[in-house]
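J.: Here you go, this is query.pdb (PDB, C-alpha atoms and all ligand atoms).
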ATOM      1  CA  MET A 203      16.991  -3.765  -6.511
ATOM      2  CA  ALA A 204      18.864  -6.861  -5.366
ATOM      3  CA  PHE A 205      18.274  -9.496  -2.685
ATOM      4  CA  SER A 206      19.933  -7.250  -0.086
ATOM      5  CA  ASP A 207      17.311  -4.553  -0.776
ATOM      6  CA  LEU A 208      14.689  -6.917   0.588
ATOM      7  CA  THR A 209      14.516  -7.053   4.367
ATOM      8  CA  GLY A 210      14.947 -10.324   6.275
ATOM      9  CA  GLN A 211      14.589 -13.943   5.037
ATOM     10  CA  LYS A 212      18.333 -14.611   5.056
ATOM     11  CA  ASN A 213      17.986 -18.340   4.397
ATOM     12  CA  ILE A 214      15.647 -17.801   1.495
ATOM     13  CA  LYS A 215      18.054 -15.335  -0.114
ATOM     14  CA  MET A 216      20.830 -17.938   0.114
ATOM     15  CA  ARG A 217      18.611 -20.590  -1.460
ATOM     16  CA  LEU A 218      17.550 -18.254  -4.253
ATOM     17  CA  ALA A 219      21.148 -17.218  -4.950
ATOM     18  CA  ALA A 220      22.115 -20.902  -5.191
ATOM     19  CA  ALA A 221      19.204 -21.641  -7.531
ATOM     20  CA  VAL A 222      20.234 -18.724  -9.735
ATOM     21  CA  SER A 223      23.913 -19.672  -9.855
ATOM     22  CA  GLU A 224      23.047 -23.261 -10.719
ATOM     23  CA  ARG A 225      20.674 -21.974 -13.396
ATOM     24  CA  GLN A 226      17.958 -24.208 -12.019
ATOM     25  CA  SER A 227      14.787 -24.457 -14.012
ATOM     26  CA  GLY A 228      11.533 -25.988 -12.875
ATOM     27  CA  THR A 229       8.934 -24.835 -10.395
ATOM     28  CA  PHE A 230       9.290 -22.905  -7.160
ATOM     29  CA  MET A 231       6.441 -22.042  -4.855
ATOM     30  CA  PHE A 232       6.585 -19.129  -2.403
ATOM     31  CA  THR A 233       4.205 -19.706   0.461
ATOM     32  CA  GLY A 234       3.336 -17.382   3.318
ATOM     33  CA  PRO A 235       0.434 -15.246   4.522
ATOM     34  CA  LEU A 236      -0.837 -12.205   2.606
ATOM     35  CA  GLY A 237       1.565  -9.315   3.116
ATOM     36  CA  SER A 238       4.548 -11.562   3.853
ATOM     37  CA  GLY A 239       6.552 -10.408   0.836
ATOM     38  CA  ARG A 240       5.916 -13.283  -1.567
ATOM     39  CA  HIS A 241       5.476 -10.933  -4.528
ATOM     40  CA  SER A 242       8.615  -8.908  -3.752
ATOM     41  CA  PHE A 243      10.755 -12.030  -3.401
ATOM     42  CA  ALA A 244       9.256 -13.579  -6.530
ATOM     43  CA  GLU A 245       9.986 -10.451  -8.574
ATOM     44  CA  GLU A 246      13.564 -10.215  -7.318
ATOM     45  CA  PHE A 247      14.136 -13.926  -7.926
ATOM     46  CA  ALA A 248      12.721 -13.619 -11.447
ATOM     47  CA  LYS A 249      14.996 -10.673 -12.195
ATOM     48  CA  ALA A 250      18.036 -12.614 -10.976
ATOM     49  CA  LEU A 251      17.070 -15.659 -13.076
ATOM     50  CA  MET A 252      16.814 -13.496 -16.174
ATOM     51  CA  CYS A 253      20.011 -11.483 -15.505
ATOM     52  CA  GLU A 254      23.161 -12.034 -17.597
ATOM     53  CA  ASN A 255      25.573 -11.638 -14.666
ATOM     54  CA  PRO A 256      23.828 -12.620 -11.449
ATOM     55  CA  GLY A 257      25.792 -12.861  -8.222
ATOM     56  CA  GLN A 258      25.239 -13.815  -4.593
ATOM     57  CA  ASP A 259      23.032 -10.733  -4.262
ATOM     58  CA  GLY A 260      20.850 -11.629  -7.217
ATOM     59  CA  ALA A 261      20.490  -9.548 -10.368
ATOM     60  CA  CYS A 262      23.369  -7.282 -11.447
ATOM     61  CA  GLY A 263      21.014  -4.391 -12.200
ATOM     62  CA  LYS A 264      23.153  -3.262 -15.141
ATOM     63  CA  CYS A 265      22.898  -5.769 -17.986
ATOM     64  CA  PRO A 266      20.349  -5.307 -20.800
ATOM     65  CA  CYS A 267      18.096  -7.996 -19.260
ATOM     66  CA  CYS A 268      18.010  -6.090 -15.951
ATOM     67  CA  THR A 269      17.380  -2.823 -17.799
ATOM     68  CA  TYR A 270      14.437  -4.321 -19.677
ATOM     69  CA  PHE A 271      13.159  -5.860 -16.464
ATOM     70  CA  ASP A 272      13.315  -2.559 -14.555
ATOM     71  CA  ALA A 273      11.631  -0.722 -17.415
ATOM     72  CA  GLY A 274       8.853  -3.323 -17.417
ATOM     73  CA  THR A 275       9.465  -4.056 -21.092
ATOM     74  CA  THR A 276      10.980  -7.535 -21.021
ATOM     75  CA  PRO A 277       8.912  -9.980 -23.077
ATOM     76  CA  ASP A 278      10.349 -12.915 -21.110
ATOM     77  CA  ILE A 279       8.216 -12.707 -18.011
ATOM     78  CA  VAL A 280       4.564 -13.615 -17.762
ATOM     79  CA  ARG A 281       2.716 -12.519 -14.650
ATOM     80  CA  VAL A 282      -0.582 -14.125 -13.835
ATOM     81  CA  TYR A 283      -1.901 -12.118 -10.910
ATOM     82  CA  GLN A 284      -5.237 -11.224  -9.388
ATOM     83  CA  PRO A 285      -7.761 -10.524 -12.173
ATOM     84  CA  SER A 286      -9.363  -7.080 -12.083
ATOM     85  CA  ASP A 287     -12.710  -8.527 -11.070
ATOM     86  CA  SER A 288     -10.990 -10.364  -8.167
ATOM     87  CA  LYS A 289     -12.510 -13.668  -9.187
ATOM     88  CA  ASN A 290     -10.495 -16.650 -10.326
ATOM     89  CA  ILE A 291      -8.193 -16.637 -13.315
ATOM     90  CA  LYS A 292     -10.044 -18.343 -16.152
ATOM     91  CA  VAL A 293      -8.821 -21.738 -17.272
ATOM     92  CA  SER A 294      -8.907 -20.459 -20.869
ATOM     93  CA  TYR A 295      -6.383 -17.774 -19.883
ATOM     94  CA  ILE A 296      -3.954 -20.439 -18.627
ATOM     95  CA  LYS A 297      -4.483 -22.553 -21.741
ATOM     96  CA  GLU A 298      -3.955 -19.608 -24.098
ATOM     97  CA  ASN A 299      -1.306 -17.495 -22.360
ATOM     98  CA  VAL A 300       0.728 -19.830 -20.219
ATOM     99  CA  VAL A 301       0.797 -23.352 -21.636
ATOM    100  CA  PRO A 302       1.820 -22.423 -25.226
ATOM    101  CA  GLU A 303       4.253 -19.715 -24.009
ATOM    102  CA  ALA A 304       6.065 -22.173 -21.756
ATOM    103  CA  VAL A 305       7.506 -24.101 -24.688
ATOM    104  CA  LEU A 306       8.967 -21.005 -26.374
ATOM    105  CA  ARG A 307      12.541 -19.888 -25.675
ATOM    106  CA  PRO A 308      13.153 -16.543 -24.003
ATOM    107  CA  GLN A 309      13.763 -13.695 -26.466
ATOM    108  CA  PHE A 310      16.445 -11.747 -24.562
ATOM    109  CA  SER A 311      16.916 -13.125 -21.107
ATOM    110  CA  LYS A 312      18.633 -16.142 -19.635
ATOM    111  CA  SER A 313      15.337 -17.602 -18.509
ATOM    112  CA  LYS A 314      11.701 -17.319 -19.252
ATOM    113  CA  VAL A 315       9.823 -16.785 -15.995
ATOM    114  CA  PHE A 316       6.172 -17.217 -15.124
ATOM    115  CA  ILE A 317       4.927 -15.770 -11.850
ATOM    116  CA  ILE A 318       1.527 -17.190 -11.047
ATOM    117  CA  ASP A 319      -0.590 -16.304  -8.028
ATOM    118  CA  CYS A 320      -2.228 -19.611  -7.113
ATOM    119  CA  ASP A 321      -4.686 -17.817  -4.809
ATOM    120  CA  TYR A 322      -6.667 -17.106  -7.980
ATOM    121  CA  LEU A 323      -6.334 -20.496  -9.629
ATOM    122  CA  GLY A 324      -9.250 -22.896  -9.355
ATOM    123  CA  THR A 325      -8.809 -26.658  -9.562
ATOM    124  CA  GLU A 326      -9.388 -26.722 -13.294
ATOM    125  CA  SER A 327      -6.775 -24.032 -13.967
ATOM    126  CA  GLN A 328      -4.264 -25.799 -11.728
ATOM    127  CA  ASN A 329      -4.873 -29.018 -13.647
ATOM    128  CA  ALA A 330      -4.358 -27.145 -16.923
ATOM    129  CA  LEU A 331      -0.968 -26.028 -15.626
ATOM    130  CA  LEU A 332       0.181 -29.454 -14.500
ATOM    131  CA  LYS A 333       1.578 -30.589 -17.820
ATOM    132  CA  SER A 334       3.730 -27.440 -18.128
ATOM    133  CA  LEU A 335       4.975 -27.808 -14.552
ATOM    134  CA  GLU A 336       5.764 -31.450 -15.153
ATOM    135  CA  GLU A 337       8.195 -31.127 -18.025
ATOM    136  CA  PRO A 338       9.348 -27.531 -18.154
ATOM    137  CA  PRO A 339      11.972 -26.889 -20.849
ATOM    138  CA  ALA A 340      15.448 -26.043 -19.554
ATOM    139  CA  HIS A 341      14.982 -22.305 -19.939
ATOM    140  CA  VAL A 342      11.649 -22.035 -18.129
ATOM    141  CA  VAL A 343      11.048 -21.280 -14.456
ATOM    142  CA  PHE A 344       7.648 -21.207 -12.827
ATOM    143  CA  ILE A 345       7.307 -19.185  -9.648
ATOM    144  CA  LEU A 346       4.035 -19.960  -7.932
ATOM    145  CA  LEU A 347       2.675 -17.921  -5.038
ATOM    146  CA  SER A 348       0.257 -19.124  -2.424
ATOM    147  CA  SER A 349      -1.096 -17.596   0.763
ATOM    148  CA  ASN A 350      -3.136 -20.723   1.408
ATOM    149  CA  ARG A 351      -1.307 -23.960   0.710
ATOM    150  CA  ASP A 352      -4.451 -26.022   1.351
ATOM    151  CA  MET A 353      -5.987 -24.593  -1.812
ATOM    152  CA  VAL A 354      -3.145 -25.865  -3.982
ATOM    153  CA  LEU A 355      -3.464 -29.341  -5.476
ATOM    154  CA  ASP A 356      -1.064 -31.941  -4.088
ATOM    155  CA  THR A 357      -0.030 -32.709  -7.647
ATOM    156  CA  VAL A 358       1.100 -29.089  -8.043
ATOM    157  CA  ILE A 359       2.867 -28.966  -4.674
ATOM    158  CA  SER A 360       4.714 -32.210  -5.407
ATOM    159  CA  ARG A 361       6.194 -30.669  -8.562
ATOM    160  CA  ALA A 362       7.415 -27.519  -6.811
ATOM    161  CA  THR A 363      10.304 -26.592  -4.561
ATOM    162  CA  GLU A 364       8.556 -24.847  -1.689
ATOM    163  CA  ILE A 365      10.022 -21.646  -0.265
ATOM    164  CA  LYS A 366       8.216 -20.692   2.905
ATOM    165  CA  LEU A 367       8.480 -17.078   4.056
ATOM    166  CA  GLU A 368       9.185 -16.903   7.778
ATOM    167  CA  PRO A 369       7.703 -14.310  10.157
ATOM    168  CA  TYR A 370       9.874 -11.165  10.286
ATOM    169  CA  THR A 371      11.551  -9.947  13.462
ATOM    170  CA  ARG A 372      10.432  -6.771  15.222
ATOM    171  CA  GLU A 373      13.526  -4.920  13.944
ATOM    172  CA  GLU A 374      12.936  -6.080  10.387
ATOM    173  CA  ILE A 375       9.331  -4.904  10.525
ATOM    174  CA  LEU A 376      10.436  -1.501  11.867
ATOM    175  CA  SER A 377      12.925  -1.099   9.042
ATOM    176  CA  ILE A 378      10.280  -2.060   6.452
ATOM    177  CA  LEU A 379       7.907   0.492   7.997
ATOM    178  CA  LYS A 380      10.568   3.215   7.783
ATOM    179  CA  ARG A 381      10.806   2.609   4.054
ATOM    180  CA  ASN A 382       7.120   2.193   3.271
ATOM    181  CA  VAL A 383       5.462   4.603   5.705
ATOM    182  CA  PRO A 384       8.219   7.213   6.198
ATOM    183  CA  ASP A 385       5.988   9.705   8.065
ATOM    184  CA  CYS A 386       4.801   7.108  10.566
ATOM    185  CA  PRO A 387       5.388   8.364  14.137
ATOM    186  CA  GLU A 388       7.715   6.177  16.219
ATOM    187  CA  GLN A 389       4.952   5.235  18.653
ATOM    188  CA  THR A 390       2.623   4.099  15.848
ATOM    189  CA  ALA A 391       5.469   2.099  14.265
ATOM    190  CA  GLN A 392       6.081   0.358  17.591
ATOM    191  CA  ILE A 393       2.397  -0.503  17.961
ATOM    192  CA  ALA A 394       2.199  -1.748  14.372
ATOM    193  CA  SER A 395       5.330  -3.881  14.679
ATOM    194  CA  ALA A 396       4.085  -5.442  17.904
ATOM    195  CA  ASN A 397       0.663  -6.336  16.492
ATOM    196  CA  CYS A 398       1.369  -7.623  13.004
ATOM    197  CA  ALA A 399       2.322 -11.246  13.800
ATOM    198  CA  GLY A 400       5.603 -10.729  11.948
ATOM    199  CA  ILE A 401       3.829  -9.896   8.670
ATOM    200  CA  PRO A 402       5.087  -6.676   7.048
ATOM    201  CA  GLY A 403       1.913  -6.081   4.980
ATOM    202  CA  LYS A 404      -0.155  -6.170   8.139
ATOM    203  CA  ALA A 405       2.215  -3.763   9.918
ATOM    204  CA  ILE A 406       2.006  -1.320   7.003
ATOM    205  CA  GLU A 407      -1.781  -1.485   7.108
ATOM    206  CA  ILE A 408      -1.861  -0.778  10.852
ATOM    207  CA  ALA A 409       0.670   2.059  10.495
ATOM    208  CA  LYS A 410      -1.333   3.672   7.697
ATOM    209  CA  GLN A 411      -4.534   3.482   9.715
ATOM    210  CA  GLY A 412      -2.600   5.056  12.583
ATOM    211  CA  GLU A 413      -1.523   7.833  10.240
ATOM    212  CA  ASP A 414      -5.127   8.506   9.294
ATOM    213  CA  ILE A 415      -6.128   8.601  12.938
ATOM    214  CA  ASP A 416      -3.276  11.005  13.744
ATOM    215  CA  LEU A 417      -4.249  13.275  10.859
ATOM    216  CA  LYS A 418      -7.919  13.235  11.893
ATOM    217  CA  ARG A 419      -6.983  14.247  15.432
ATOM    218  CA  MET A 420      -4.720  17.043  14.237
ATOM    219  CA  VAL A 421      -7.429  18.435  11.954
ATOM    220  CA  ALA A 422      -9.931  18.368  14.818
ATOM    221  CA  GLU A 423      -7.531  20.140  17.159
ATOM    222  CA  MET A 424      -6.827  22.782  14.553
ATOM    223  CA  LEU A 425     -10.489  23.475  13.816
ATOM    224  CA  ILE A 426     -11.443  23.699  17.468
ATOM    225  CA  GLU A 427      -8.615  26.155  18.069
ATOM    226  CA  LEU A 428      -9.261  28.212  14.941
ATOM    227  CA  PRO A 429     -11.976  30.583  16.251
ATOM    228  CA  ASP A 430      -9.694  31.944  18.970
ATOM    229  CA  ALA A 431      -6.358  31.658  17.145
ATOM    230  CA  THR A 432      -4.248  34.744  16.392
ATOM    231  CA  TYR A 433      -3.483  35.665  12.781
ATOM    232  CA  THR A 434       0.141  34.674  13.318
ATOM    233  CA  ARG A 435      -0.917  31.270  14.544
ATOM    234  CA  ILE A 436      -3.242  30.792  11.549
ATOM    235  CA  LEU A 437      -0.924  32.117   8.845
ATOM    236  CA  TYR A 438       2.164  30.337  10.128
ATOM    237  CA  ASP A 439       1.326  27.215  12.110
ATOM    238  CA  HIS A 440      -2.033  26.233  10.670
ATOM    239  CA  ALA A 441      -1.078  27.153   7.114
ATOM    240  CA  GLU A 442       2.127  25.153   7.552
ATOM    241  CA  PHE A 443       0.104  22.176   8.793
ATOM    242  CA  MET A 444      -2.043  22.395   5.653
ATOM    243  CA  GLY A 445       1.108  22.517   3.527
ATOM    244  CA  GLU A 446       2.613  19.494   5.252
ATOM    245  CA  HIS A 447      -0.519  17.534   4.428
ATOM    246  CA  LYS A 448      -0.944  18.879   0.918
ATOM    247  CA  ALA A 449      -1.029  15.327  -0.467
ATOM    248  CA  ASP A 450      -4.040  14.662   1.785
ATOM    249  CA  ALA A 451      -5.667  18.045   1.160
ATOM    250  CA  VAL A 452      -8.986  16.549   0.127
ATOM    251  CA  THR A 453      -9.045  14.300   3.206
ATOM    252  CA  VAL A 454      -8.261  17.274   5.440
ATOM    253  CA  ALA A 455     -11.046  19.328   3.824
ATOM    254  CA  SER A 456     -13.512  16.436   4.181
ATOM    255  CA  ASP A 457     -12.571  16.105   7.848
ATOM    256  CA  ILE A 458     -13.205  19.829   8.384
ATOM    257  CA  LEU A 459     -16.627  19.426   6.765
ATOM    258  CA  LEU A 460     -17.396  16.501   9.101
ATOM    259  CA  LEU A 461     -16.415  18.653  12.084
ATOM    260  CA  ILE A 462     -18.623  21.516  10.877
ATOM    261  CA  ASP A 463     -21.388  18.959  10.463
ATOM    262  CA  ASP A 464     -20.893  17.885  14.095
ATOM    263  CA  LEU A 465     -21.071  21.519  15.259
ATOM    264  CA  MET A 466     -24.313  21.980  13.289
ATOM    265  CA  ARG A 467     -25.880  18.935  14.927
ATOM    266  CA  LEU A 468     -24.747  19.891  18.401
ATOM    267  CA  LYS A 469     -25.962  23.465  17.882
ATOM    268  CA  GLY A 470     -29.366  22.331  16.676
ATOM    269  CA  MET A 471     -29.749  19.610  19.281
ATOM    270  CA  PRO A 472     -27.387  19.806  22.270
ATOM    271  CA  GLY A 473     -26.341  16.319  23.369
ATOM    272  CA  TYR A 474     -26.979  14.944  19.870
ATOM    273  CA  LYS A 475     -26.166  11.249  20.116
ATOM    274  CA  LYS A 476     -24.194  10.307  17.047
ATOM    275  CA  ILE A 477     -21.475  12.669  15.905
ATOM    276  CA  ASN A 478     -18.446  12.038  13.670
ATOM    277  CA  TYR A 479     -15.836  13.118  16.209
ATOM    278  CA  GLU A 480     -16.937  11.365  19.361
ATOM    279  CA  ASP A 481     -13.432  11.759  20.888
ATOM    280  CA  PHE A 482     -13.771  15.531  20.692
ATOM    281  CA  ARG A 483     -17.375  15.724  21.901
ATOM    282  CA  THR A 484     -16.698  17.871  24.999
ATOM    283  CA  LYS A 485     -14.715  20.461  23.080
ATOM    284  CA  LEU A 486     -17.151  20.506  20.170
ATOM    285  CA  GLU A 487     -20.131  20.850  22.535
ATOM    286  CA  LYS A 488     -18.450  23.778  24.239
ATOM    287  CA  LEU A 489     -17.802  25.528  20.928
ATOM    288  CA  ALA A 490     -21.316  24.789  19.625
ATOM    289  CA  ALA A 491     -22.860  26.171  22.822
ATOM    290  CA  SER A 492     -21.151  29.527  22.333
ATOM    291  CA  PRO A 493     -23.564  32.278  21.175
ATOM    292  CA  ARG A 494     -21.110  33.347  18.453
ATOM    293  CA  VAL A 495     -21.628  30.035  16.682
ATOM    294  CA  ASP A 496     -24.882  29.646  14.786
ATOM    295  CA  ALA A 497     -26.227  27.695  11.835
ATOM    296  CA  VAL A 498     -25.779  30.556   9.369
ATOM    297  CA  LYS A 499     -22.125  31.069  10.282
ATOM    298  CA  LEU A 500     -21.467  27.347  10.176
ATOM    299  CA  GLY A 501     -23.071  27.310   6.748
ATOM    300  CA  HIS A 502     -20.592  30.008   5.669
ATOM    301  CA  CYS A 503     -17.718  27.890   7.034
ATOM    302  CA  ALA A 504     -18.899  24.894   5.018
ATOM    303  CA  THR A 505     -19.066  27.092   1.921
ATOM    304  CA  ALA A 506     -15.466  28.225   2.579
ATOM    305  CA  VAL A 507     -14.343  24.581   2.624
ATOM    306  CA  LYS A 508     -16.231  23.814  -0.569
ATOM    307  CA  ASP A 509     -14.649  26.879  -2.237
ATOM    308  CA  TYR A 510     -11.283  25.543  -1.109
ATOM    309  CA  LEU A 511     -11.970  22.135  -2.667
ATOM    310  CA  ARG A 512     -12.969  23.868  -5.906
ATOM    311  CA  ALA A 513      -9.753  25.908  -5.835
ATOM    312  CA  LEU A 514      -7.752  22.686  -5.482
ATOM    313  CA  GLU A 515      -9.530  21.215  -8.478
ATOM    314  CA  VAL A 516      -8.486  24.097 -10.723
ATOM    315  CA  ASN A 517      -4.930  24.097  -9.318
ATOM    316  CA  SER A 518      -5.113  27.496  -7.669
ATOM    317  CA  ASN A 519      -2.207  28.539  -5.445
ATOM    318  CA  PHE A 520      -2.354  26.006  -2.634
ATOM    319  CA  ASP A 521      -1.090  28.217   0.202
ATOM    320  CA  ALA A 522      -3.340  31.103  -0.757
ATOM    321  CA  ALA A 523      -6.371  28.827  -0.947
ATOM    322  CA  SER A 524      -5.597  27.193   2.439
ATOM    323  CA  CYS A 525      -5.083  30.555   4.160
ATOM    324  CA  ALA A 526      -8.288  31.944   2.657
ATOM    325  CA  MET A 527     -10.271  29.009   4.006
ATOM    326  CA  LEU A 528      -8.697  29.097   7.468
ATOM    327  CA  LEU A 529      -9.196  32.870   7.787
ATOM    328  CA  LYS A 530     -12.798  32.658   6.621
ATOM    329  CA  ILE A 531     -13.629  30.029   9.264
ATOM    330  CA  HIS A 532     -11.825  32.119  11.877
ATOM    331  CA  GLU A 533     -13.727  35.284  10.890
ATOM    332  CA  GLU A 534     -17.069  33.499  11.050
ATOM    333  CA  LEU A 535     -16.566  31.887  14.442
ATOM    334  CA  LYS A 536     -14.342  34.357  16.297
ATOM    335  CA  LYS A 537     -15.537  36.248  19.367
TER     336      LYS A 537
HETATM  337 ZN    ZN B 601      21.687  -8.129 -14.857
END
Write out the structure in this file as structure tokens.
T.:
Amino acid sequence: MAFSDLTGQKNIKMRLAAAVSERQSGTFMFTGPLGSGRHSFAEEFAKALMCENPGQDGACGKCPCCTYFDAGTTPDIVRVYQPSDSKNIKVSYIKENVVPEAVLRPQFSKSKVFIIDCDYLGTESQNALLKSLEEPPAHVVFILLSSNRDMVLDTVISRATEIKLEPYTREEILSILKRNVPDCPEQTAQIASANCAGIPGKAIEIAKQGEDIDLKRMVAEMLIELPDATYTRILYDHAEFMGEHKADAVTVASDILLLIDDLMRLKGMPGYKKINYEDFRTKLEKLAASPRVDAVKLGHCATAVKDYLRALEVNSNFDAASCAMLLKIHEELKK
């Protein structure tokens, strides 16, 4: 990775490259909303600061410092991120792991870098940091992150060079989506990029939700078609669909169970008010109303799905297990 691997923020990349080439020490603070890329830029900046031969594009990627960085084994970076319980970072943690470390020289790298997410620093912890931020030794760089500048003490802000992430353009968001959600349909990507306020993290979230919705719809369409499908259709198209979504096999199976559940409800009580697949109500009602569908057969279908889930757990042949489930549901509900 280098600066050019990160999308957008041209001005910031130039500023970071200048800071690296001048071997600046001190405190930088990346500000911007959640999902704006603060962490990615901070990591890339840190790598460049620690690199033996950095250039305009940041870290060289080849020197021992870069190798250690990429392997996650460099002792010269301290990351203070969100604690596992999501509450604030304890002041004792700052006093024990940051303050004394900041006076030690780096072991391998050109700089010693601290990346600290200020979103999880209370007032007391920020105060504990102040002294280190005030007189950092020449080899130390603090990179602070904040999604909410108002929560950072003025005394901290005044000691930092602020780097504010700008909203990304539509094209930049689309290119980030291509990399992070490669299976995202074009239409979903367009919707996500138009509704994310220029924040990549938000676009990715929308695109992933869209993916789930698309998958849910496809599973519903498959199940509704299954009773009347030909063997060729089942063993080629439907089995292929299962294979394409192998990574989401458990989700697909759970969705099928929810659909069977809807058919059960609609069979037992036509017009049942609250079903899982409201969008498919008409089609599900039609199928449930058919005399060939009854509670016993639906029970067998649910068992077939549960057998399938068990087969996945013990790593049975995936294709064989998918076909067995699809054929069983077909046999139960066919004319
Ligand atoms: Zn390097």
J.: Could you pull out the residues sitting within 8 Å of ligand ZN 601 (chain B), using only C-alpha atoms and all ligand atoms, and write them as a PyMOL selection string?
T.: chain A and resi 249-250+252-256+261-269
J.: Between A:Lys289, A:His447, A:Lys333, A:Arg281, single out the one closest to A:Lys418, counting all atoms listed in the file.
T.: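 Residue with the minimum atom-to-atom distance to A:Lys418: A:His447.
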J.: Can you pull out the residues contacting A:Ile408? Cut-off 8 Å, using only C-alpha atoms, and skip same-chain residues under 4 positions away; I want them as a PyMOL selection string.
T.: chain A and resi 394+398+404+412
J.: How would you write, as an mmCIF file with C-alpha atoms, keeping the file's coordinate frame, the residues chosen by the PyMOL selection byres (((chain A and resi 428) around 9) and not hetatm) on this structure?
T.:
data_model
loop_
_atom_site.group_PDB
_atom_site.id
_atom_site.type_symbol
_atom_site.label_atom_id
_atom_site.label_comp_id
_atom_site.auth_asym_id
_atom_site.auth_seq_id
_atom_site.Cartn_x
_atom_site.Cartn_y
_atom_site.Cartn_z
ATOM 1 C CA GLU A 423 -7.531 20.140 17.159
ATOM 2 C CA MET A 424 -6.827 22.782 14.553
ATOM 3 C CA LEU A 425 -10.489 23.475 13.816
ATOM 4 C CA ILE A 426 -11.443 23.699 17.468
ATOM 5 C CA GLU A 427 -8.615 26.155 18.069
ATOM 6 C CA PRO A 429 -11.976 30.583 16.251
ATOM 7 C CA ASP A 430 -9.694 31.944 18.970
ATOM 8 C CA ALA A 431 -6.358 31.658 17.145
ATOM 9 C CA THR A 432 -4.248 34.744 16.392
ATOM 10 C CA ARG A 435 -0.917 31.270 14.544
ATOM 11 C CA ILE A 436 -3.242 30.792 11.549
ATOM 12 C CA HIS A 440 -2.033 26.233 10.670
ATOM 13 C CA LEU A 528 -8.697 29.097 7.468
ATOM 14 C CA LEU A 529 -9.196 32.870 7.787
ATOM 15 C CA ILE A 531 -13.629 30.029 9.264
ATOM 16 C CA HIS A 532 -11.825 32.119 11.877
ATOM 17 C CA LEU A 535 -16.566 31.887 14.442
ATOM 18 C CA LYS A 536 -14.342 34.357 16.297
#
J.: Might you spell out which residues the PyMOL selection byres (((chain A and resi 336) around 10) and not hetatm) would select in the displayed file, as a JSON list (two decimals) with C-alpha atoms, in the coordinates of the input?
T.:
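Once everything was written out, this is part-v1.json:
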[["chain", "number", "residue", "atom", "x", "y", "z"],
["A", 228, "GLY", "CA", 11.53, -25.99, -12.88],
["A", 229, "THR", "CA", 8.93, -24.84, -10.40],
["A", 331, "LEU", "CA", -0.97, -26.03, -15.63],
["A", 332, "LEU", "CA", 0.18, -29.45, -14.50],
["A", 333, "LYS", "CA", 1.58, -30.59, -17.82],
["A", 334, "SER", "CA", 3.73, -27.44, -18.13],
["A", 335, "LEU", "CA", 4.97, -27.81, -14.55],
["A", 337, "GLU", "CA", 8.20, -31.13, -18.02],
["A", 338, "PRO", "CA", 9.35, -27.53, -18.15],
["A", 339, "PRO", "CA", 11.97, -26.89, -20.85],
["A", 357, "THR", "CA", -0.03, -32.71, -7.65],
["A", 358, "VAL", "CA", 1.10, -29.09, -8.04],
["A", 360, "SER", "CA", 4.71, -32.21, -5.41],
["A", 361, "ARG", "CA", 6.19, -30.67, -8.56],
["A", 362, "ALA", "CA", 7.42, -27.52, -6.81]]
J.: May I have the residues within 6 Å of stretch 304-315 of chain A as a PyMOL selection string, using all atoms listed in the file and disregarding those fewer than 3 positions away in the same chain?
T.: chain A and resi 252+267+278-279+301+341-344
J.: Using the chain letters and numbers from the file, which residues does the PyMOL selection byres (((chain A and resi 223) around 10) and not hetatm) grab, as a ChimeraX atom specification?
T.: /A:217-222,224-226,250-251,255-258,260
J.: So what do you get for atom CA of A:Cys386 versus atom CA of A:Glu246, distance-wise?
T.: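 Atom CA of A:Glu246 lies at a distance of 26.4 Å from atom CA of A:Cys386.
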J.: For A:Asp496, work out the shell of residues within 10 Å, counting only C-alpha atoms and skipping chain neighbours fewer than 2 positions away, then give it as JSON, numbers by chain.
T.: {"A": [465, 466, 469, 470, 490, 491, 492, 493, 494, 498, 499, 500, 501, 534, 535]}
J.: Keeping C-alpha atoms for every residue in the selection just given, could you write it to a file as a compact mmCIF listing (two decimals), in the frame of the given file?
T.:
# COMPACT_ATOMS: atom_id res chain seq x y z
CA LEU A 465 -21.07 21.52 15.26
CA MET A 466 -24.31 21.98 13.29
CA LYS A 469 -25.96 23.46 17.88
CA GLY A 470 -29.37 22.33 16.68
CA ALA A 490 -21.32 24.79 19.62
CA ALA A 491 -22.86 26.17 22.82
CA SER A 492 -21.15 29.53 22.33
CA PRO A 493 -23.56 32.28 21.18
CA ARG A 494 -21.11 33.35 18.45
CA VAL A 498 -25.78 30.56 9.37
CA LYS A 499 -22.12 31.07 10.28
CA LEU A 500 -21.47 27.35 10.18
CA GLY A 501 -23.07 27.31 6.75
CA GLU A 534 -17.07 33.50 11.05
CA LEU A 535 -16.57 31.89 14.44
J.: Would you mind reading off the distance between atom CA of A:Leu347 and atom CA of A:Gly239, one decimal, in Å?
T.: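 We find that atom CA of A:Leu347 and atom CA of A:Gly239 lie 10.3 Å from each other.
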J.: Which residue out of A:Lys297, A:Lys530, A:Arg372, A:Arg483 has the minimum interatomic distance to A:Ser395 when all atoms listed in the file are used?
T.: A:Arg372
